[in-house]
>>> print(open('query_24.txt').read())   # compact mmCIF, C-alpha atoms
# COMPACT_ATOMS: atom_id res chain seq x y z
CA GLY A 80 -8.56 -10.69 7.38
CA GLU A 81 -10.98 -11.37 4.60
CA ASP A 82 -9.91 -13.76 1.91
CA VAL A 83 -11.65 -14.90 -1.24
CA GLU A 84 -10.24 -17.73 -3.31
CA GLN A 85 -11.00 -19.23 -6.70
CA SER A 86 -9.43 -21.80 -8.95
CA LEU A 87 -7.36 -20.10 -11.65
CA PHE A 88 -8.46 -21.87 -14.81
CA LEU A 89 -11.42 -23.70 -16.27
CA SER A 90 -11.77 -25.09 -19.75
CA VAL A 91 -15.06 -26.39 -21.17
CA ARG A 92 -16.48 -27.30 -24.55
CA GLU A 93 -19.07 -25.12 -26.18
CA GLY A 94 -22.55 -26.20 -25.16
CA ASP A 95 -21.44 -27.79 -21.90
CA SER A 96 -22.10 -26.30 -18.49
CA SER A 97 -19.39 -24.42 -16.62
CA VAL A 98 -19.13 -24.32 -12.87
CA ILE A 99 -16.88 -21.75 -11.26
CA ASN A 100 -16.25 -22.07 -7.55
CA CYS A 101 -15.34 -19.57 -4.88
CA THR A 102 -14.62 -19.81 -1.17
CA TYR A 103 -14.56 -16.94 1.27
CA THR A 104 -13.68 -16.50 4.91
CA ASP A 105 -15.67 -13.51 6.15
CA SER A 106 -18.76 -14.85 7.88
CA SER A 107 -20.25 -11.37 8.02
CA SER A 108 -20.50 -11.14 4.24
CA THR A 109 -23.90 -9.90 3.29
CA TYR A 110 -23.79 -9.87 -0.48
CA LEU A 111 -21.82 -12.10 -2.81
CA TYR A 112 -21.27 -11.18 -6.42
CA TRP A 113 -20.07 -12.56 -9.69
CA TYR A 114 -18.32 -10.26 -12.15
CA LYS A 115 -17.06 -10.92 -15.68
CA GLN A 116 -13.99 -9.27 -17.14
CA GLU A 117 -13.17 -9.44 -20.80
CA PRO A 118 -9.61 -8.66 -22.00
CA GLY A 119 -8.61 -5.06 -21.44
CA ALA A 120 -11.98 -4.08 -20.04
CA GLY A 121 -13.54 -3.22 -16.74
CA LEU A 122 -15.73 -5.55 -14.75
CA GLN A 123 -19.32 -6.31 -15.60
CA LEU A 124 -21.71 -7.35 -12.86
CA LEU A 125 -23.33 -10.65 -13.81
CA THR A 126 -25.39 -11.42 -10.76
CA TYR A 127 -25.39 -11.26 -7.00
CA ILE A 128 -26.95 -13.13 -4.12
CA PHE A 129 -27.96 -12.03 -0.66
CA SER A 130 -26.46 -14.13 2.09
CA ASN A 131 -29.81 -15.44 3.33
CA MET A 132 -30.47 -17.08 -0.03
CA ASP A 133 -29.30 -20.51 -1.15
CA MET A 134 -29.81 -20.16 -4.85
CA LYS A 135 -30.51 -17.58 -7.48
CA GLN A 136 -31.20 -18.24 -11.14
CA ASP A 137 -30.98 -15.70 -13.92
CA GLN A 138 -31.37 -17.08 -17.44
CA ARG A 139 -28.27 -19.21 -18.10
CA LEU A 140 -26.70 -18.33 -14.76
CA THR A 141 -27.30 -20.19 -11.50
CA VAL A 142 -25.66 -19.09 -8.27
CA LEU A 143 -25.46 -21.49 -5.36
CA LEU A 144 -24.47 -20.38 -1.88
CA ASN A 145 -23.50 -22.69 0.95
CA LYS A 146 -23.17 -20.28 3.83
CA LYS A 147 -22.12 -22.96 6.30
CA ASP A 148 -19.13 -23.91 4.16
CA LYS A 149 -18.65 -20.35 2.86
CA HIS A 150 -18.77 -21.65 -0.68
CA LEU A 151 -20.22 -19.88 -3.68
CA SER A 152 -20.54 -21.22 -7.19
CA LEU A 153 -21.60 -19.90 -10.57
CA ARG A 154 -23.03 -22.28 -13.12
CA ILE A 155 -23.26 -21.18 -16.74
CA ALA A 156 -25.55 -23.38 -18.78
CA ASP A 157 -24.94 -23.95 -22.49
CA THR A 158 -21.58 -22.19 -22.37
CA GLN A 159 -20.75 -20.19 -25.48
CA THR A 160 -17.42 -18.94 -26.86
CA GLY A 161 -18.51 -15.44 -25.89
CA ASP A 162 -18.46 -16.55 -22.27
CA SER A 163 -14.67 -16.86 -22.39
CA ALA A 164 -13.43 -14.32 -19.86
CA ILE A 165 -12.17 -13.98 -16.32
CA TYR A 166 -14.82 -14.39 -13.65
CA PHE A 167 -14.41 -12.80 -10.24
CA CYS A 168 -16.43 -13.50 -7.17
CA ALA A 169 -16.62 -10.77 -4.55
CA GLU A 170 -18.09 -10.27 -1.13
CA SER A 171 -19.23 -7.22 0.74
CA THR A 172 -20.97 -6.31 3.94
CA LEU A 173 -23.61 -3.70 4.69
CA SER A 174 -21.50 -1.97 7.25
CA GLY A 175 -18.87 0.67 6.89
CA THR A 176 -17.91 1.73 3.42
CA TYR A 177 -19.31 -1.35 1.72
CA LYS A 178 -15.81 -2.42 0.78
CA TYR A 179 -15.74 -5.22 -1.75
CA ILE A 180 -13.19 -8.03 -1.53
CA PHE A 181 -12.49 -9.78 -4.80
CA GLY A 182 -11.39 -13.30 -5.46
CA THR A 183 -8.37 -14.16 -7.50
CA GLY A 184 -10.39 -14.67 -10.66
CA THR A 185 -11.05 -17.78 -12.76
CA ARG A 186 -10.10 -17.70 -16.40
CA LEU A 187 -12.76 -19.55 -18.37
CA LYS A 188 -11.84 -20.82 -21.80
CA VAL A 189 -14.60 -22.16 -24.00
CA LEU A 190 -13.49 -24.52 -26.74
CA ALA A 191 -15.45 -24.60 -29.98
CA GLY B 165 -27.93 -0.28 -15.94
CA ALA B 166 -25.78 2.33 -14.33
CA VAL B 167 -22.78 3.59 -16.26
CA VAL B 168 -19.38 4.52 -14.96
CA SER B 169 -16.97 6.17 -17.33
CA GLN B 170 -13.21 6.34 -16.96
CA HIS B 171 -10.87 8.60 -18.86
CA PRO B 172 -8.36 8.22 -20.38
CA SER B 173 -8.54 4.56 -21.32
CA ARG B 174 -4.85 4.54 -22.18
CA VAL B 175 -2.08 6.88 -21.21
CA ILE B 176 1.64 6.80 -21.77
CA CYS B 177 3.83 9.19 -19.83
CA LYS B 178 7.44 9.82 -19.06
CA SER B 179 8.96 8.89 -15.76
CA GLY B 180 8.66 11.71 -13.24
CA THR B 181 5.47 13.22 -14.64
CA SER B 182 2.02 13.09 -13.06
CA VAL B 183 -1.05 11.55 -14.60
CA LYS B 184 -4.69 12.16 -13.72
CA ILE B 185 -7.41 9.57 -14.30
CA GLU B 186 -11.06 10.53 -14.06
CA CYS B 187 -13.96 8.38 -12.98
CA ARG B 188 -17.50 9.59 -13.57
CA SER B 189 -20.84 8.09 -12.67
CA LEU B 190 -22.99 9.11 -15.63
CA ASP B 191 -26.53 8.43 -14.50
CA PHE B 192 -26.40 8.22 -10.74
CA GLN B 193 -24.84 9.96 -7.80
CA ALA B 194 -22.09 8.08 -6.03
CA THR B 195 -21.08 9.12 -2.56
CA THR B 196 -18.53 6.35 -2.57
CA MET B 197 -16.16 5.37 -5.33
CA PHE B 198 -13.36 2.86 -5.23
CA TRP B 199 -10.02 2.74 -6.98
CA TYR B 200 -8.43 -0.58 -7.86
CA ARG B 201 -5.18 -1.59 -9.41
CA GLN B 202 -4.89 -4.76 -11.44
CA PHE B 203 -1.61 -6.39 -12.35
CA PRO B 204 -1.47 -8.69 -15.37
CA LYS B 205 -3.41 -11.90 -14.82
CA GLN B 206 -4.15 -10.97 -11.24
CA SER B 207 -7.13 -9.91 -9.23
CA LEU B 208 -8.13 -6.40 -8.37
CA MET B 209 -6.30 -4.80 -5.51
CA LEU B 210 -8.31 -2.16 -3.69
CA MET B 211 -6.20 0.96 -3.39
CA ALA B 212 -8.54 3.38 -1.73
CA THR B 213 -12.11 4.33 -1.02
CA SER B 214 -13.04 7.76 -2.26
CA ASN B 215 -15.69 9.59 -0.25
CA GLU B 216 -17.42 12.67 -1.63
CA GLY B 217 -16.47 15.74 0.32
CA SER B 218 -13.94 14.07 2.57
CA LYS B 219 -10.53 12.48 2.48
CA ALA B 220 -10.03 9.15 0.80
CA THR B 221 -9.42 6.05 2.87
CA TYR B 222 -6.32 4.25 1.69
CA GLU B 223 -5.61 0.57 2.02
CA GLN B 224 -2.53 -0.57 3.85
CA GLY B 225 0.60 -0.26 1.77
CA VAL B 226 -0.80 2.33 -0.65
CA GLU B 227 1.09 5.62 -0.59
CA LYS B 228 -1.26 8.54 -0.07
CA ASP B 229 1.17 11.07 -1.47
CA LYS B 230 1.81 8.95 -4.51
CA PHE B 231 -1.79 8.27 -5.42
CA LEU B 232 -3.84 11.40 -4.82
CA ILE B 233 -7.58 10.93 -4.80
CA ASN B 234 -10.10 13.71 -5.02
CA HIS B 235 -13.86 13.19 -4.91
CA ALA B 236 -15.04 16.71 -5.55
CA SER B 237 -18.61 15.95 -6.55
CA LEU B 238 -21.16 13.19 -6.38
CA THR B 239 -20.35 12.12 -9.90
CA LEU B 240 -16.59 12.57 -10.20
CA SER B 241 -13.54 11.10 -8.53
CA THR B 242 -9.99 11.54 -9.78
CA LEU B 243 -6.83 9.55 -9.19
CA THR B 244 -3.55 11.34 -9.77
CA VAL B 245 -0.40 9.25 -9.98
CA THR B 246 2.31 11.69 -8.96
CA SER B 247 5.91 11.46 -10.10
CA ALA B 248 5.13 8.27 -11.97
CA HIS B 249 7.73 5.55 -12.34
CA PRO B 250 7.76 2.45 -14.53
CA GLU B 251 6.65 0.29 -11.61
CA ASP B 252 3.43 2.33 -11.49
CA SER B 253 2.52 0.98 -14.90
CA SER B 254 -0.70 -0.94 -14.43
CA PHE B 255 -4.38 -1.17 -15.19
CA TYR B 256 -6.34 1.15 -12.90
CA ILE B 257 -10.06 0.57 -12.49
CA CYS B 258 -12.57 2.70 -10.67
CA SER B 259 -15.97 1.70 -9.44
CA ALA B 260 -18.93 3.56 -8.08
CA ARG B 261 -21.62 2.32 -5.81
CA THR B 262 -25.28 3.16 -6.17
CA GLY B 263 -27.02 4.14 -2.99
CA GLY B 264 -28.90 2.19 -0.35
CA ALA B 265 -28.20 -1.01 1.50
CA ALA B 266 -28.60 -3.11 -1.64
CA GLY B 267 -26.51 -0.78 -3.74
CA GLU B 268 -24.65 -2.23 -6.67
CA LEU B 269 -21.08 -1.63 -7.68
CA PHE B 270 -20.45 -0.61 -11.26
CA PHE B 271 -17.05 -0.47 -12.83
CA GLY B 272 -15.38 1.86 -15.24
CA GLU B 273 -13.70 0.53 -18.35
CA GLY B 274 -10.27 0.84 -16.79
CA SER B 275 -7.24 2.97 -17.62
CA ARG B 276 -4.00 1.42 -18.73
CA LEU B 277 -1.03 3.47 -17.59
CA THR B 278 2.37 2.93 -19.12
CA VAL B 279 5.28 4.85 -17.65
CA LEU B 280 8.37 4.98 -19.82
>>> encode(input="query_24.txt", output="structure tokens")
Amino acid sequence: GEDVEQSLFLSVREGDSSVINCTYTDSSSTYLYWYKQEPGAGLQLLTYIFSNMDMKQDQRLTVLLNKKDKHLSLRIADTQTGDSAIYFCAESTLSGTYKYIFGTGTRLKVLA
Amino acid sequence: GAVVSQHPSRVICKSGTSVKIECRSLDFQATTMFWYRQFPKQSLMLMATSNEGSKATYEQGVEKDKFLINHASLTLSTLTVTSAHPEDSSFYICSARTGGAAGELFFGEGSRLTVL
């Protein structure tokens, strides 16, 4: 079945760049997403990339997709303490009920 | 962006009672909504897909009679935890998908259920 994996923790210093990685197994994934979850809250969509794209940039966020290796990454430039949260990658396809499969989540801690 | 509202955000109930959680899409119509359960420090586990006007599709291992889902309108889905037990205590999150092939998924704020 589908599987999405992420490293559990990442710690960076304020002002540095953060890179959060994700691997997935479903080759039919059409869209790949990054969500942010702050403590006790729901998920906030940060950005998404269509599977025929290699890169997408949105202000401080850069998403890289290596479809051959089924590897997705999220780079946050100039990381701030407010970026501390759990980041989930997710995949979905255009078929069926558009079910989303979420990764295990990466807890990002930004040190002042 | 689109807004999805969940209510209540926190609920405490006694064992054996039933609890209803509402999920509303405030500024768009959602033919499909999803219900997730999140255990502490873990990812989201998809429980079921709620389809407007038809029965929900449950994921393997999720008890249909335990977690009743009703999607009565294009803007409202409800999850009822029946005969709740302490092991049902969790963070429940709903999401709603905007329409079209490139539809986006927006999440509610989550509902923390504590069963005593």
>>> atom_distance(input="query_24.txt", atom1="atom CA of B:Met197", atom2="atom CA of B:Ala212")
8.7 Å
>>> residues_around(input="query_24.txt", residues="stretch 153-164 of chain A", least_positions_apart="3", cutoff="6 Å", atoms="only C-alpha atoms", output="PyMOL selection string")
chain A and resi 93-99+116-117+139-142+186-189
>>> write_last_selection(input="query_24.txt", atoms="C-alpha atoms", output="mmCIF file, in the frame of the given file")
data_model
loop_
_atom_site.group_PDB
_atom_site.id
_atom_site.type_symbol
_atom_site.label_atom_id
_atom_site.label_comp_id
_atom_site.auth_asym_id
_atom_site.auth_seq_id
_atom_site.Cartn_x
_atom_site.Cartn_y
_atom_site.Cartn_z
ATOM 1 C CA GLU A 93 -19.070 -25.120 -26.180
ATOM 2 C CA GLY A 94 -22.550 -26.200 -25.160
ATOM 3 C CA ASP A 95 -21.440 -27.790 -21.900
ATOM 4 C CA SER A 96 -22.100 -26.300 -18.490
ATOM 5 C CA SER A 97 -19.390 -24.420 -16.620
ATOM 6 C CA VAL A 98 -19.130 -24.320 -12.870
ATOM 7 C CA ILE A 99 -16.880 -21.750 -11.260
ATOM 8 C CA GLN A 116 -13.990 -9.270 -17.140
ATOM 9 C CA GLU A 117 -13.170 -9.440 -20.800
ATOM 10 C CA ARG A 139 -28.270 -19.210 -18.100
ATOM 11 C CA LEU A 140 -26.700 -18.330 -14.760
ATOM 12 C CA THR A 141 -27.300 -20.190 -11.500
ATOM 13 C CA VAL A 142 -25.660 -19.090 -8.270
ATOM 14 C CA ARG A 186 -10.100 -17.700 -16.400
ATOM 15 C CA LEU A 187 -12.760 -19.550 -18.370
ATOM 16 C CA LYS A 188 -11.840 -20.820 -21.800
ATOM 17 C CA VAL A 189 -14.600 -22.160 -24.000
#
>>> interface_residues(input="query_24.txt", of="chain B", to="chain A", cutoff="7 Å", atoms="all atoms listed in the file", output="list in words")
Gln206, Ser207, Leu208, Ile257, Ala265, Phe271, Gly272, Glu273 and Gly274 of chain B
>>> residues_near_point(input="query_24.txt", point="(-17.1, -17.8, 2.2)", cutoff="10 Å", atoms="all atoms listed in the file", output="short mmCIF file (atom, residue, chain, number, x, y, z; two decimals) with C-alpha atoms, in the coordinates of the input")
data_model
loop_
_atom_site.label_atom_id
_atom_site.label_comp_id
_atom_site.auth_asym_id
_atom_site.auth_seq_id
_atom_site.Cartn_x
_atom_site.Cartn_y
_atom_site.Cartn_z
CA GLU A 81 -10.98 -11.37 4.60
CA ASP A 82 -9.91 -13.76 1.91
CA VAL A 83 -11.65 -14.90 -1.24
CA GLU A 84 -10.24 -17.73 -3.31
CA CYS A 101 -15.34 -19.57 -4.88
CA THR A 102 -14.62 -19.81 -1.17
CA TYR A 103 -14.56 -16.94 1.27
CA THR A 104 -13.68 -16.50 4.91
CA ASP A 105 -15.67 -13.51 6.15
CA SER A 106 -18.76 -14.85 7.88
CA SER A 107 -20.25 -11.37 8.02
CA SER A 108 -20.50 -11.14 4.24
CA LEU A 111 -21.82 -12.10 -2.81
CA LEU A 144 -24.47 -20.38 -1.88
CA ASN A 145 -23.50 -22.69 0.95
CA LYS A 146 -23.17 -20.28 3.83
CA LYS A 147 -22.12 -22.96 6.30
CA ASP A 148 -19.13 -23.91 4.16
CA LYS A 149 -18.65 -20.35 2.86
CA HIS A 150 -18.77 -21.65 -0.68
CA LEU A 151 -20.22 -19.88 -3.68
CA ALA A 169 -16.62 -10.77 -4.55
CA GLU A 170 -18.09 -10.27 -1.13
#
>>> atom_distance(input="query_24.txt", atom1="atom CA of B:Phe198", atom2="atom CA of B:Ala248")
20.4 Å
>>> atom_distance(input="query_24.txt", atom1="atom CA of B:Arg261", atom2="atom CA of B:Ala194")
5.8 Å
>>> residues_around(input="query_24.txt", residues="B:Leu243", least_positions_apart="4", cutoff="12 Å", atoms="all atoms listed in the file", output="MDAnalysis selection string")
chainID B and resid 170:172 182:188 197:201 211:214 220 228:236 256:258 275 277
>>> axis_aligned_box(input="query_24.txt", around="stretch 269-272 of chain B", padding_each_side="6 Å", output="JSON")
{"center_x": -18.2, "center_y": 0.1, "center_z": -11.5, "size_x": 17.7, "size_y": 15.5, "size_z": 19.6}
>>> closest_residue(input="query_24.txt", among="B:Val279, B:Gly217, B:Leu269, B:Ser259", to="B:Gly180", atoms="all atoms listed in the file")
B:Val279
